[in-house]
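Student: So I've got this file, target.cif, and it contains mmCIF, C-alpha atoms and all ligand atoms:
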data_structure
#
loop_
_atom_site.group_PDB
_atom_site.id
_atom_site.type_symbol
_atom_site.label_atom_id
_atom_site.label_comp_id
_atom_site.auth_asym_id
_atom_site.auth_seq_id
_atom_site.Cartn_x
_atom_site.Cartn_y
_atom_site.Cartn_z
ATOM 1 C CA MET Q 1 81.932 5.501 9.937
ATOM 2 C CA GLN Q 2 84.002 2.318 9.724
ATOM 3 C CA TYR Q 3 82.510 -0.820 8.128
ATOM 4 C CA LYS Q 4 84.138 -4.235 7.800
ATOM 5 C CA GLY Q 5 82.936 -7.244 5.803
ATOM 6 C CA PRO Q 6 79.573 -7.516 4.037
ATOM 7 C CA ILE Q 7 76.997 -5.042 5.365
ATOM 8 C CA TYR Q 8 73.411 -6.287 5.041
ATOM 9 C CA ARG Q 9 70.301 -4.717 6.448
ATOM 10 C CA PRO Q 10 66.598 -5.595 6.235
ATOM 11 C CA PRO Q 11 64.647 -3.616 3.585
ATOM 12 C CA SER Q 12 62.619 -2.068 6.421
ATOM 13 C CA GLU Q 13 65.852 -0.450 7.728
ATOM 14 C CA ALA Q 14 66.542 1.371 4.445
ATOM 15 C CA ASP Q 15 66.387 4.779 6.150
ATOM 16 C CA SER Q 16 68.225 3.776 9.324
ATOM 17 C CA LEU Q 17 71.667 4.867 10.429
ATOM 18 C CA LEU Q 18 74.000 1.836 10.263
ATOM 19 C CA ILE Q 19 76.566 1.525 13.049
ATOM 20 C CA GLN Q 20 78.583 -1.679 13.108
ATOM 21 C CA ALA Q 21 79.144 -3.218 16.543
ATOM 22 C CA THR Q 22 80.095 -6.738 15.414
ATOM 23 C CA VAL Q 23 81.741 -8.196 12.308
ATOM 24 C CA GLY Q 24 80.753 -11.503 10.678
ATOM 25 C CA CYS Q 25 78.577 -14.229 12.176
ATOM 26 C CA PRO Q 26 79.517 -16.425 15.165
ATOM 27 C CA HIS Q 27 77.533 -19.348 13.680
ATOM 28 C CA ASN Q 28 78.397 -19.108 9.979
ATOM 29 C CA LYS Q 29 77.237 -22.658 9.226
ATOM 30 C CA CYS Q 30 73.844 -22.257 7.537
ATOM 31 C CA THR Q 31 74.027 -24.161 4.254
ATOM 32 C CA PHE Q 32 71.920 -21.618 2.325
ATOM 33 C CA CYS Q 33 73.844 -18.511 3.462
ATOM 34 C CA MET Q 34 76.800 -17.113 1.533
ATOM 35 C CA VAL Q 35 77.247 -13.866 3.418
ATOM 36 C CA TYR Q 36 80.316 -14.612 5.561
ATOM 37 C CA LYS Q 37 81.537 -17.884 3.999
ATOM 38 C CA ASN Q 38 84.686 -16.132 2.783
ATOM 39 C CA GLY Q 39 85.107 -14.214 6.018
ATOM 40 C CA PRO Q 40 85.710 -12.045 7.862
ATOM 41 C CA GLY Q 41 85.427 -14.114 11.037
ATOM 42 C CA TYR Q 42 83.188 -13.078 13.902
ATOM 43 C CA LYS Q 43 84.493 -10.272 16.080
ATOM 44 C CA VAL Q 44 83.102 -7.649 18.420
ATOM 45 C CA ARG Q 45 84.468 -4.186 17.634
ATOM 46 C CA ASP Q 46 86.196 -2.116 20.293
ATOM 47 C CA MET Q 47 83.725 -0.089 22.325
ATOM 48 C CA LYS Q 48 85.705 3.118 21.727
ATOM 49 C CA ASP Q 49 85.509 2.627 17.927
ATOM 50 C CA ILE Q 50 81.745 1.987 18.055
ATOM 51 C CA LYS Q 51 81.177 5.110 20.149
ATOM 52 C CA ALA Q 52 83.470 7.120 17.853
ATOM 53 C CA ASP Q 53 81.263 6.066 14.893
ATOM 54 C CA ILE Q 54 78.117 7.171 16.736
ATOM 55 C CA LEU Q 55 79.689 10.570 17.430
ATOM 56 C CA ARG Q 56 80.840 10.834 13.807
ATOM 57 C CA ALA Q 57 77.260 10.202 12.689
ATOM 58 C CA LEU Q 58 76.128 13.018 15.001
ATOM 59 C CA ASP Q 59 78.643 15.331 13.258
ATOM 60 C CA ILE Q 60 77.427 14.304 9.807
ATOM 61 C CA TYR Q 61 73.644 14.070 10.309
ATOM 62 C CA GLY Q 62 73.102 16.253 13.349
ATOM 63 C CA ASP Q 63 70.600 15.310 16.014
ATOM 64 C CA HIS Q 64 68.069 14.013 13.476
ATOM 65 C CA VAL Q 65 68.573 10.238 13.553
ATOM 66 C CA ARG Q 66 65.274 8.466 14.191
ATOM 67 C CA THR Q 67 66.154 4.811 13.550
ATOM 68 C CA LEU Q 68 69.398 2.911 14.074
ATOM 69 C CA PHE Q 69 70.311 -0.566 12.833
ATOM 70 C CA LEU Q 70 73.409 -2.388 14.104
ATOM 71 C CA PRO Q 71 74.406 -4.569 11.137
ATOM 72 C CA ALA Q 72 76.296 -7.918 10.858
ATOM 73 C CA GLY Q 73 75.092 -11.488 11.189
ATOM 74 C CA ASN Q 74 74.315 -11.809 14.864
ATOM 75 C CA THR Q 75 74.976 -8.636 16.826
ATOM 76 C CA ILE Q 76 72.655 -9.986 19.523
ATOM 77 C CA ALA Q 77 75.449 -12.486 20.338
ATOM 78 C CA MET Q 78 77.699 -9.824 21.858
ATOM 79 C CA LYS Q 79 77.824 -9.475 25.660
ATOM 80 C CA THR Q 80 74.592 -8.068 27.056
ATOM 81 C CA ASP Q 81 76.466 -5.461 29.135
ATOM 82 C CA ASP Q 82 78.316 -4.174 26.053
ATOM 83 C CA LEU Q 83 75.226 -4.090 23.851
ATOM 84 C CA CYS Q 84 73.326 -2.222 26.606
ATOM 85 C CA GLU Q 85 76.180 0.291 26.797
ATOM 86 C CA ILE Q 86 75.958 0.971 23.041
ATOM 87 C CA LEU Q 87 72.166 1.284 23.134
ATOM 88 C CA ILE Q 88 72.268 3.753 26.026
ATOM 89 C CA PHE Q 89 75.096 5.761 24.426
ATOM 90 C CA ALA Q 90 73.174 5.993 21.128
ATOM 91 C CA LYS Q 91 70.013 7.125 22.933
ATOM 92 C CA GLU Q 92 71.981 9.774 24.848
ATOM 93 C CA THR Q 93 73.664 10.976 21.638
ATOM 94 C CA PHE Q 94 70.525 11.305 19.499
ATOM 95 C CA SER Q 95 67.568 12.812 21.336
ATOM 96 C CA THR Q 96 65.357 11.975 18.341
ATOM 97 C CA LEU Q 97 66.249 8.278 18.278
ATOM 98 C CA GLY Q 98 63.144 6.094 18.355
ATOM 99 C CA ARG Q 99 63.869 2.608 17.051
ATOM 100 C CA ILE Q 100 67.053 0.534 17.470
ATOM 101 C CA THR Q 101 67.208 -2.888 15.835
ATOM 102 C CA VAL Q 102 69.604 -5.818 15.309
ATOM 103 C CA TYR Q 103 69.785 -9.190 13.610
ATOM 104 C CA GLY Q 104 69.700 -12.136 15.989
ATOM 105 C CA SER Q 105 69.381 -15.908 15.574
ATOM 106 C CA SER Q 106 67.201 -17.808 18.005
ATOM 107 C CA GLN Q 107 70.140 -19.712 19.507
ATOM 108 C CA TYR Q 108 71.825 -16.455 20.621
ATOM 109 C CA ILE Q 109 68.572 -14.837 21.729
ATOM 110 C CA HIS Q 110 67.861 -17.950 23.780
ATOM 111 C CA LYS Q 111 71.244 -17.676 25.510
ATOM 112 C CA LYS Q 112 70.262 -14.211 26.789
ATOM 113 C CA GLY Q 113 67.257 -15.651 28.639
ATOM 114 C CA PRO Q 114 64.198 -13.594 29.600
ATOM 115 C CA GLN Q 115 66.179 -11.380 31.996
ATOM 116 C CA GLY Q 116 68.930 -10.514 29.513
ATOM 117 C CA LEU Q 117 66.302 -9.643 26.910
ATOM 118 C CA LYS Q 118 64.427 -7.426 29.373
ATOM 119 C CA ARG Q 119 67.675 -5.567 30.111
ATOM 120 C CA LEU Q 120 68.221 -5.001 26.379
ATOM 121 C CA ALA Q 121 64.653 -3.758 25.951
ATOM 122 C CA ASP Q 122 65.046 -1.392 28.912
ATOM 123 C CA ALA Q 123 68.327 -0.089 27.437
ATOM 124 C CA GLY Q 124 66.545 0.795 24.184
ATOM 125 C CA LEU Q 125 66.588 -2.227 21.863
ATOM 126 C CA SER Q 126 63.220 -2.081 20.148
ATOM 127 C CA ARG Q 127 63.146 -4.775 17.477
ATOM 128 C CA ILE Q 128 65.016 -7.996 16.614
ATOM 129 C CA HIS Q 129 65.100 -9.374 13.053
ATOM 130 C CA VAL Q 130 65.326 -13.167 13.259
ATOM 131 C CA GLY Q 131 65.931 -15.653 10.469
ATOM 132 C CA LEU Q 132 63.432 -18.315 11.517
ATOM 133 C CA GLU Q 133 63.709 -19.874 8.023
ATOM 134 C CA SER Q 134 61.482 -22.863 8.961
ATOM 135 C CA GLY Q 135 59.628 -24.381 11.880
ATOM 136 C CA ASP Q 136 60.359 -27.918 10.692
ATOM 137 C CA ASP Q 137 63.080 -29.548 12.818
ATOM 138 C CA ILE Q 138 64.243 -31.826 10.005
ATOM 139 C CA ILE Q 139 64.790 -28.825 7.740
ATOM 140 C CA LEU Q 140 66.486 -26.822 10.523
ATOM 141 C CA LYS Q 141 68.921 -29.695 11.003
ATOM 142 C CA ARG Q 142 69.536 -30.123 7.266
ATOM 143 C CA ILE Q 143 70.294 -26.452 6.729
ATOM 144 C CA LYS Q 144 72.469 -26.385 9.901
ATOM 145 C CA LYS Q 145 70.545 -23.499 11.406
ATOM 146 C CA GLY Q 146 71.855 -24.347 14.864
ATOM 147 C CA THR Q 147 68.469 -24.245 16.573
ATOM 148 C CA SER Q 148 65.227 -26.172 16.962
ATOM 149 C CA SER Q 149 61.540 -25.300 16.743
ATOM 150 C CA LYS Q 150 61.291 -25.472 20.561
ATOM 151 C CA GLU Q 151 64.185 -23.045 21.016
ATOM 152 C CA GLN Q 152 62.786 -20.730 18.328
ATOM 153 C CA ILE Q 153 59.400 -20.633 20.081
ATOM 154 C CA GLU Q 154 60.921 -19.905 23.501
ATOM 155 C CA ALA Q 155 63.317 -17.283 22.167
ATOM 156 C CA GLY Q 156 60.534 -15.591 20.183
ATOM 157 C CA ARG Q 157 58.140 -15.455 23.099
ATOM 158 C CA TRP Q 158 60.817 -14.078 25.420
ATOM 159 C CA VAL Q 159 61.525 -11.253 22.957
ATOM 160 C CA MET Q 160 57.827 -10.373 22.831
ATOM 161 C CA ASP Q 161 57.420 -10.686 26.613
ATOM 162 C CA ALA Q 162 60.400 -8.345 27.108
ATOM 163 C CA GLY Q 163 58.453 -5.699 25.189
ATOM 164 C CA MET Q 164 60.451 -5.733 21.940
ATOM 165 C CA GLU Q 165 59.065 -6.115 18.434
ATOM 166 C CA LEU Q 166 59.873 -9.316 16.593
ATOM 167 C CA SER Q 167 60.337 -9.654 12.851
ATOM 168 C CA LEU Q 168 60.619 -13.287 11.692
ATOM 169 C CA TYR Q 169 61.907 -14.291 8.256
ATOM 170 C CA VAL Q 170 60.537 -17.427 6.581
ATOM 171 C CA VAL Q 171 62.110 -18.906 3.454
ATOM 172 C CA LEU Q 172 59.603 -20.498 1.085
ATOM 173 C CA GLY Q 173 61.008 -23.567 -0.642
ATOM 174 C CA ILE Q 174 63.872 -24.100 1.846
ATOM 175 C CA GLY Q 175 62.727 -27.693 2.458
ATOM 176 C CA GLY Q 176 62.730 -28.614 -1.217
ATOM 177 C CA LYS Q 177 60.103 -30.865 -2.793
ATOM 178 C CA ASP Q 178 60.208 -33.592 -0.132
ATOM 179 C CA ARG Q 179 59.553 -31.269 2.857
ATOM 180 C CA THR Q 180 57.241 -28.668 1.308
ATOM 181 C CA ASP Q 181 54.130 -29.859 3.137
ATOM 182 C CA SER Q 182 55.813 -30.189 6.555
ATOM 183 C CA HIS Q 183 57.684 -26.895 6.033
ATOM 184 C CA ALA Q 184 54.377 -25.041 5.606
ATOM 185 C CA ARG Q 185 52.575 -26.837 8.440
ATOM 186 C CA GLU Q 186 55.406 -26.805 11.018
ATOM 187 C CA THR Q 187 56.331 -23.196 10.258
ATOM 188 C CA ALA Q 188 52.721 -22.106 10.716
ATOM 189 C CA LYS Q 189 52.656 -23.964 14.059
ATOM 190 C CA VAL Q 190 55.765 -22.148 15.309
ATOM 191 C CA LEU Q 191 54.460 -18.763 14.115
ATOM 192 C CA ASN Q 192 51.099 -19.431 15.801
ATOM 193 C CA GLU Q 193 52.921 -20.122 19.086
ATOM 194 C CA ILE Q 194 55.097 -17.000 18.892
ATOM 195 C CA VAL Q 195 52.627 -14.524 17.293
ATOM 196 C CA PRO Q 196 55.403 -12.178 16.083
ATOM 197 C CA ASP Q 197 54.726 -8.586 15.030
ATOM 198 C CA PHE Q 198 56.005 -9.259 11.499
ATOM 199 C CA ILE Q 199 56.377 -12.347 9.328
ATOM 200 C CA ARG Q 200 58.534 -11.665 6.275
ATOM 201 C CA LEU Q 201 58.538 -14.105 3.366
ATOM 202 C CA ARG Q 202 61.541 -14.781 1.168
ATOM 203 C CA THR Q 203 61.837 -17.460 -1.542
ATOM 204 C CA PHE Q 204 64.803 -19.799 -1.607
ATOM 205 C CA VAL Q 205 67.404 -18.877 -4.212
ATOM 206 C CA PRO Q 206 70.629 -20.940 -4.162
ATOM 207 C CA LYS Q 207 73.640 -18.717 -3.492
ATOM 208 C CA ILE Q 208 77.231 -19.082 -4.662
ATOM 209 C CA ASN Q 209 79.724 -20.700 -2.258
ATOM 210 C CA THR Q 210 77.011 -22.512 -0.308
ATOM 211 C CA GLY Q 211 76.416 -26.143 0.575
ATOM 212 C CA LEU Q 212 72.809 -25.937 -0.559
ATOM 213 C CA LEU Q 213 73.842 -24.816 -4.059
ATOM 214 C CA ALA Q 214 76.074 -27.929 -4.246
ATOM 215 C CA GLU Q 215 73.062 -30.059 -3.220
ATOM 216 C CA VAL Q 216 70.918 -28.412 -5.921
ATOM 217 C CA GLN Q 217 73.628 -29.072 -8.499
ATOM 218 C CA ASN Q 218 74.193 -32.728 -7.532
ATOM 219 C CA GLY Q 219 70.433 -33.359 -7.444
ATOM 220 C CA SER Q 220 70.134 -34.233 -3.747
ATOM 221 C CA PHE Q 221 68.010 -31.099 -3.163
ATOM 222 C CA GLN Q 222 65.069 -30.562 -5.470
ATOM 223 C CA MET Q 223 63.912 -26.991 -5.759
ATOM 224 C CA LEU Q 224 60.253 -26.069 -5.952
ATOM 225 C CA SER Q 225 58.811 -24.652 -9.152
ATOM 226 C CA PRO Q 226 57.031 -21.254 -8.967
ATOM 227 C CA HIS Q 227 53.616 -22.950 -8.667
ATOM 228 C CA GLU Q 228 54.911 -25.254 -5.922
ATOM 229 C CA VAL Q 229 56.254 -22.250 -3.995
ATOM 230 C CA LEU Q 230 52.867 -20.546 -4.318
ATOM 231 C CA ARG Q 231 51.051 -23.685 -3.110
ATOM 232 C CA GLU Q 232 53.437 -23.865 -0.159
ATOM 233 C CA ALA Q 233 52.666 -20.216 0.648
ATOM 234 C CA ALA Q 234 48.931 -20.954 0.398
ATOM 235 C CA LEU Q 235 49.196 -23.838 2.872
ATOM 236 C CA LEU Q 236 51.260 -21.728 5.279
ATOM 237 C CA ILE Q 237 48.750 -18.874 5.093
ATOM 238 C CA THR Q 238 45.804 -21.266 5.487
ATOM 239 C CA LYS Q 239 47.306 -22.668 8.682
ATOM 240 C CA LEU Q 240 48.337 -19.276 10.134
ATOM 241 C CA ARG Q 241 46.258 -18.122 13.087
ATOM 242 C CA ALA Q 242 48.732 -15.555 14.439
ATOM 243 C CA SER Q 243 47.570 -11.949 14.422
ATOM 244 C CA SER Q 244 50.769 -10.745 12.736
ATOM 245 C CA TYR Q 245 51.578 -8.509 9.775
ATOM 246 C CA LEU Q 246 52.704 -10.546 6.756
ATOM 247 C CA ALA Q 247 55.163 -8.891 4.363
ATOM 248 C CA SER Q 248 57.044 -10.189 1.347
ATOM 249 C CA ASP Q 249 59.413 -7.285 0.880
ATOM 250 C CA HIS Q 250 62.045 -9.159 -1.112
ATOM 251 C CA TYR Q 251 63.185 -9.509 -4.728
ATOM 252 C CA THR Q 252 63.190 -13.325 -4.524
ATOM 253 C CA ASN Q 253 59.404 -13.663 -4.144
ATOM 254 C CA TYR Q 254 57.176 -14.552 -7.093
ATOM 255 C CA ILE Q 255 54.278 -12.384 -5.938
ATOM 256 C CA ASN Q 256 53.792 -9.772 -3.237
ATOM 257 C CA LEU Q 257 51.816 -11.184 -0.324
ATOM 258 C CA GLU Q 258 51.315 -8.434 2.179
ATOM 259 C CA GLY Q 259 48.573 -7.890 4.713
ATOM 260 C CA LYS Q 260 47.354 -7.978 8.276
ATOM 261 C CA PHE Q 261 46.248 -11.285 9.741
ATOM 262 C CA PRO Q 262 43.675 -12.633 10.120
ATOM 263 C CA GLU Q 263 41.669 -9.884 8.345
ATOM 264 C CA GLU Q 264 43.426 -10.201 4.985
ATOM 265 C CA LYS Q 265 43.934 -13.941 4.860
ATOM 266 C CA LYS Q 266 41.190 -14.545 2.279
ATOM 267 C CA ARG Q 267 42.413 -11.745 0.022
ATOM 268 C CA LEU Q 268 45.940 -13.196 0.034
ATOM 269 C CA LEU Q 269 44.709 -16.731 -0.691
ATOM 270 C CA ASP Q 270 42.613 -15.353 -3.577
ATOM 271 C CA LYS Q 271 45.715 -13.577 -4.888
ATOM 272 C CA ILE Q 272 47.678 -16.846 -4.837
ATOM 273 C CA ASN Q 273 44.858 -18.651 -6.670
ATOM 274 C CA ILE Q 274 44.920 -16.010 -9.411
ATOM 275 C CA ALA Q 275 48.725 -16.303 -9.685
ATOM 276 C CA LEU Q 276 48.424 -20.094 -9.965
ATOM 277 C CA LYS Q 277 46.480 -19.585 -13.207
ATOM 278 C CA GLN Q 278 49.544 -17.944 -14.788
ATOM 279 C CA GLU Q 279 51.985 -20.092 -16.773
ATOM 280 C CA GLU Q 280 55.052 -21.030 -14.696
ATOM 281 C CA ALA Q 281 57.264 -19.591 -17.417
ATOM 282 C CA SER Q 282 55.796 -16.137 -16.756
ATOM 283 C CA PHE Q 283 57.435 -15.912 -13.296
ATOM 284 C CA ARG Q 284 61.006 -14.814 -12.732
ATOM 285 C CA PRO Q 285 63.546 -17.362 -14.000
ATOM 286 C CA PHE Q 286 65.837 -19.567 -11.898
ATOM 287 C CA PHE Q 287 69.093 -17.857 -10.980
ATOM 288 C CA ILE Q 288 72.042 -18.358 -8.666
ATOM 289 C CA GLY Q 289 72.315 -15.551 -6.156
ATOM 290 C CA THR Q 290 75.560 -13.667 -5.818
ATOM 291 C CA GLN Q 291 74.635 -11.256 -3.039
HETATM 292 S S1 LIG J 1 71.919 -17.140 7.965
HETATM 293 FE FE1 LIG J 1 72.463 -15.810 9.678
HETATM 294 S S2 LIG J 1 73.058 -17.256 11.308
HETATM 295 FE FE2 LIG J 1 73.139 -18.394 9.392
HETATM 296 S S3 LIG J 1 75.276 -18.218 8.705
HETATM 297 FE FE3 LIG J 1 74.106 -16.570 7.686
HETATM 298 S S4 LIG J 1 74.350 -14.794 9.006
HETATM 299 FE FE4 LIG J 1 74.932 -16.607 10.215
#
Would you encode the structure as structure tokens?
Tutor:
Amino acid sequence: MQYKGPIYRPPSEADSLLIQATVGCPHNKCTFCMVYKNGPGYKVRDMKDIKADILRALDIYGDHVRTLFLPAGNTIAMKTDDLCEILIFAKETFSTLGRITVYGSSQYIHKKGPQGLKRLADAGLSRIHVGLESGDDIILKRIKKGTSSKEQIEAGRWVMDAGMELSLYVVLGIGGKDRTDSHARETAKVLNEIVPDFIRLRTFVPKINTGLLAEVQNGSFQMLSPHEVLREAALLITKLRASSYLASDHYTNYINLEGKFPEEKKRLLDKINIALKQEEASFRPFFIGTQ
């Protein structure tokens, strides 16, 4: 198989076949994201090359592929017709194929509209991984996410209504000290409106070659301490009403908060309260991310 540029996939796609349909990210402006800052630029691969990779995977793995992930920043942004063609071809190639997933930002999902999303679901797209990051419009603007809470809610609901699963990623601490309260409250509001299948927590770590690292270094962005991150998580969880599955499957988090809502809300809040009794120095140290 051919791969170009950085290849990232969600931890939950660790066992999936990776077939690249797009390269880079068409947005590439988020101030916290380093992935494509040094290129390559956004590009959709030739259909014949994508299909050749799928057939090569059939040669290598046989007809045993159960899950497929199409990596790169925003594969959802490619033309709906072309993405449908890939989905259908993959389904025809692997009779065992169950789940097909992509990354997609709300702004590109929104452009598809309810009908485009229904077509993708009917063609075989089963889950979209979306970097929600925050539900606070001031934070979304500051980090140049290219979307708003209203657009994120509409896009999220359309995905669910089309019959696909939705996995939303929230970054604890992305609003810094001055927005921690509104980050937790506004994010919970957006999640309560969407009611995604999965909410996945990450903790903000400044990355090399990013605007947000420069803000951390010049003091205009004040990072949360471990206890402040945990208090932010507690407020978010307190305000969550969505019946979603909460996961924190990421190395950046201070503690593992995982459970079904609303049943496990109290257990998770108790876990945070226990962690808050630990010295801050006992949590992982500050570091600058390089990947
Ligand atoms: S976070 Fe996602 S949308 Fe933003 S620049 Fe990175 S890959 Fe693109």
Student: From the options Q:Leu224, Q:Leu240, Q:Leu201, Q:Ala21, which residue's atoms come nearest to Arg179 (chain Q), counting only C-alpha atoms?
Tutor: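 Distance minimum relative to Arg179 (chain Q) lands on Q:Leu224.
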Student: Using all atoms listed in the file, give me every residue within 12 Å of (52.2, -8.0, -5.0) in file coordinates, as a list in words.
Tutor: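 Residues with an atom at most 12 Å from (52.2, -8.0, -5.0): Ala247, Ser248, Asp249, His250, Tyr251, Asn253, Tyr254, Ile255, Asn256, Leu257, Glu258, Gly259, Arg267, Leu268, Lys271, Ile272, Ile274 and Ala275 of chain Q.
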Student: Could you give me, as JSON lines, every chain Q residue with an atom at most 10 Å from ligand LIG 1 (chain J), plus its closest atom pair and distance in Å to one decimal, counting only C-alpha atoms and all ligand atoms, rows ordered by chain then number?
Tutor:
{"residue": "Q:Tyr8", "atom": "CA", "partner": "J:LIG1", "partner_atom": "S4", "distance": 9.4}
{"residue": "Q:Gly24", "atom": "CA", "partner": "J:LIG1", "partner_atom": "S4", "distance": 7.4}
{"residue": "Q:Cys25", "atom": "CA", "partner": "J:LIG1", "partner_atom": "FE4", "distance": 4.8}
{"residue": "Q:Pro26", "atom": "CA", "partner": "J:LIG1", "partner_atom": "FE4", "distance": 6.7}
{"residue": "Q:His27", "atom": "CA", "partner": "J:LIG1", "partner_atom": "FE4", "distance": 5.1}
{"residue": "Q:Asn28", "atom": "CA", "partner": "J:LIG1", "partner_atom": "S3", "distance": 3.5}
{"residue": "Q:Lys29", "atom": "CA", "partner": "J:LIG1", "partner_atom": "S3", "distance": 4.9}
{"residue": "Q:Cys30", "atom": "CA", "partner": "J:LIG1", "partner_atom": "FE2", "distance": 4.3}
{"residue": "Q:Thr31", "atom": "CA", "partner": "J:LIG1", "partner_atom": "S3", "distance": 7.5}
{"residue": "Q:Phe32", "atom": "CA", "partner": "J:LIG1", "partner_atom": "S1", "distance": 7.2}
{"residue": "Q:Cys33", "atom": "CA", "partner": "J:LIG1", "partner_atom": "FE3", "distance": 4.7}
{"residue": "Q:Met34", "atom": "CA", "partner": "J:LIG1", "partner_atom": "FE3", "distance": 6.7}
{"residue": "Q:Val35", "atom": "CA", "partner": "J:LIG1", "partner_atom": "FE3", "distance": 5.9}
{"residue": "Q:Tyr36", "atom": "CA", "partner": "J:LIG1", "partner_atom": "FE3", "distance": 6.8}
{"residue": "Q:Lys37", "atom": "CA", "partner": "J:LIG1", "partner_atom": "S3", "distance": 7.8}
{"residue": "Q:Tyr42", "atom": "CA", "partner": "J:LIG1", "partner_atom": "FE4", "distance": 9.7}
{"residue": "Q:Ala72", "atom": "CA", "partner": "J:LIG1", "partner_atom": "S4", "distance": 7.4}
{"residue": "Q:Gly73", "atom": "CA", "partner": "J:LIG1", "partner_atom": "S4", "distance": 4.0}
{"residue": "Q:Asn74", "atom": "CA", "partner": "J:LIG1", "partner_atom": "S4", "distance": 6.6}
{"residue": "Q:Thr75", "atom": "CA", "partner": "J:LIG1", "partner_atom": "S4", "distance": 10.0}
{"residue": "Q:Tyr103", "atom": "CA", "partner": "J:LIG1", "partner_atom": "FE1", "distance": 8.2}
{"residue": "Q:Gly104", "atom": "CA", "partner": "J:LIG1", "partner_atom": "S2", "distance": 7.7}
{"residue": "Q:Ser105", "atom": "CA", "partner": "J:LIG1", "partner_atom": "S2", "distance": 5.8}
{"residue": "Q:Ser106", "atom": "CA", "partner": "J:LIG1", "partner_atom": "S2", "distance": 8.9}
{"residue": "Q:Gln107", "atom": "CA", "partner": "J:LIG1", "partner_atom": "S2", "distance": 9.0}
{"residue": "Q:Tyr108", "atom": "CA", "partner": "J:LIG1", "partner_atom": "S2", "distance": 9.4}
{"residue": "Q:Val130", "atom": "CA", "partner": "J:LIG1", "partner_atom": "FE1", "distance": 8.4}
{"residue": "Q:Gly131", "atom": "CA", "partner": "J:LIG1", "partner_atom": "FE1", "distance": 6.6}
{"residue": "Q:Leu132", "atom": "CA", "partner": "J:LIG1", "partner_atom": "S1", "distance": 9.3}
{"residue": "Q:Glu133", "atom": "CA", "partner": "J:LIG1", "partner_atom": "S1", "distance": 8.7}
{"residue": "Q:Ile143", "atom": "CA", "partner": "J:LIG1", "partner_atom": "FE2", "distance": 9.0}
{"residue": "Q:Lys144", "atom": "CA", "partner": "J:LIG1", "partner_atom": "FE2", "distance": 8.0}
{"residue": "Q:Lys145", "atom": "CA", "partner": "J:LIG1", "partner_atom": "FE2", "distance": 6.1}
{"residue": "Q:Gly146", "atom": "CA", "partner": "J:LIG1", "partner_atom": "S2", "distance": 8.0}
{"residue": "Q:Thr147", "atom": "CA", "partner": "J:LIG1", "partner_atom": "S2", "distance": 9.9}
Student: Name the residues that the PyMOL selection byres (((chain Q and resi 155) around 9) and not hetatm) pulls out of this structure, and write them as an mmCIF file with C-alpha atoms, keeping the file's coordinate frame.
Tutor:
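And here is the file that came out, part-v6.cif:
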data_model
loop_
_atom_site.group_PDB
_atom_site.id
_atom_site.type_symbol
_atom_site.label_atom_id
_atom_site.label_comp_id
_atom_site.auth_asym_id
_atom_site.auth_seq_id
_atom_site.Cartn_x
_atom_site.Cartn_y
_atom_site.Cartn_z
ATOM 1 C CA SER Q 106 67.201 -17.808 18.005
ATOM 2 C CA GLN Q 107 70.140 -19.712 19.507
ATOM 3 C CA TYR Q 108 71.825 -16.455 20.621
ATOM 4 C CA ILE Q 109 68.572 -14.837 21.729
ATOM 5 C CA HIS Q 110 67.861 -17.950 23.780
ATOM 6 C CA LYS Q 111 71.244 -17.676 25.510
ATOM 7 C CA LYS Q 112 70.262 -14.211 26.789
ATOM 8 C CA GLY Q 113 67.257 -15.651 28.639
ATOM 9 C CA PRO Q 114 64.198 -13.594 29.600
ATOM 10 C CA LYS Q 150 61.291 -25.472 20.561
ATOM 11 C CA GLU Q 151 64.185 -23.045 21.016
ATOM 12 C CA GLN Q 152 62.786 -20.730 18.328
ATOM 13 C CA ILE Q 153 59.400 -20.633 20.081
ATOM 14 C CA GLU Q 154 60.921 -19.905 23.501
ATOM 15 C CA GLY Q 156 60.534 -15.591 20.183
ATOM 16 C CA ARG Q 157 58.140 -15.455 23.099
ATOM 17 C CA TRP Q 158 60.817 -14.078 25.420
ATOM 18 C CA VAL Q 159 61.525 -11.253 22.957
ATOM 19 C CA MET Q 160 57.827 -10.373 22.831
ATOM 20 C CA ILE Q 194 55.097 -17.000 18.892
#
Student: Find, counting only C-alpha atoms, the residue in Q:Gln2, Q:Ser243, Q:Glu165, Q:Ile76 that gets nearest to Asp49 (chain Q).
Tutor: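 Under the stated criterion, the closest residue is Q:Gln2.
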Student: Pull out every residue that the PyMOL selection byres (((chain Q and resi 15) around 12) and not hetatm) matches in the shown coordinates and put them as a PyMOL selection string.
Tutor: chain Q and resi 9-14+16-18+64-69+99
Student: Reconstruct N, CA and C atoms of region 226-231 of chain Q from the incomplete input and present them as a JSON list (two decimals), in the coordinates of the input.
Tutor:
[["chain", "number", "residue", "atom", "x", "y", "z"],
["Q", 226, "PRO", "N", 57.82, -22.40, -9.44],
["Q", 226, "PRO", "CA", 57.03, -21.25, -8.97],
["Q", 226, "PRO", "C", 55.65, -21.65, -8.44],
["Q", 227, "HIS", "N", 54.94, -22.54, -9.15],
["Q", 227, "HIS", "CA", 53.62, -22.95, -8.67],
["Q", 227, "HIS", "C", 53.72, -23.69, -7.34],
["Q", 228, "GLU", "N", 54.75, -24.51, -7.19],
["Q", 228, "GLU", "CA", 54.91, -25.25, -5.92],
["Q", 228, "GLU", "C", 55.21, -24.30, -4.76],
["Q", 229, "VAL", "N", 55.99, -23.26, -5.04],
["Q", 229, "VAL", "CA", 56.25, -22.25, -4.00],
["Q", 229, "VAL", "C", 54.94, -21.56, -3.60],
["Q", 230, "LEU", "N", 54.14, -21.23, -4.60],
["Q", 230, "LEU", "CA", 52.87, -20.55, -4.32],
["Q", 230, "LEU", "C", 51.92, -21.45, -3.54],
["Q", 231, "ARG", "N", 51.92, -22.76, -3.87],
["Q", 231, "ARG", "CA", 51.05, -23.68, -3.11],
["Q", 231, "ARG", "C", 51.56, -23.82, -1.69]]
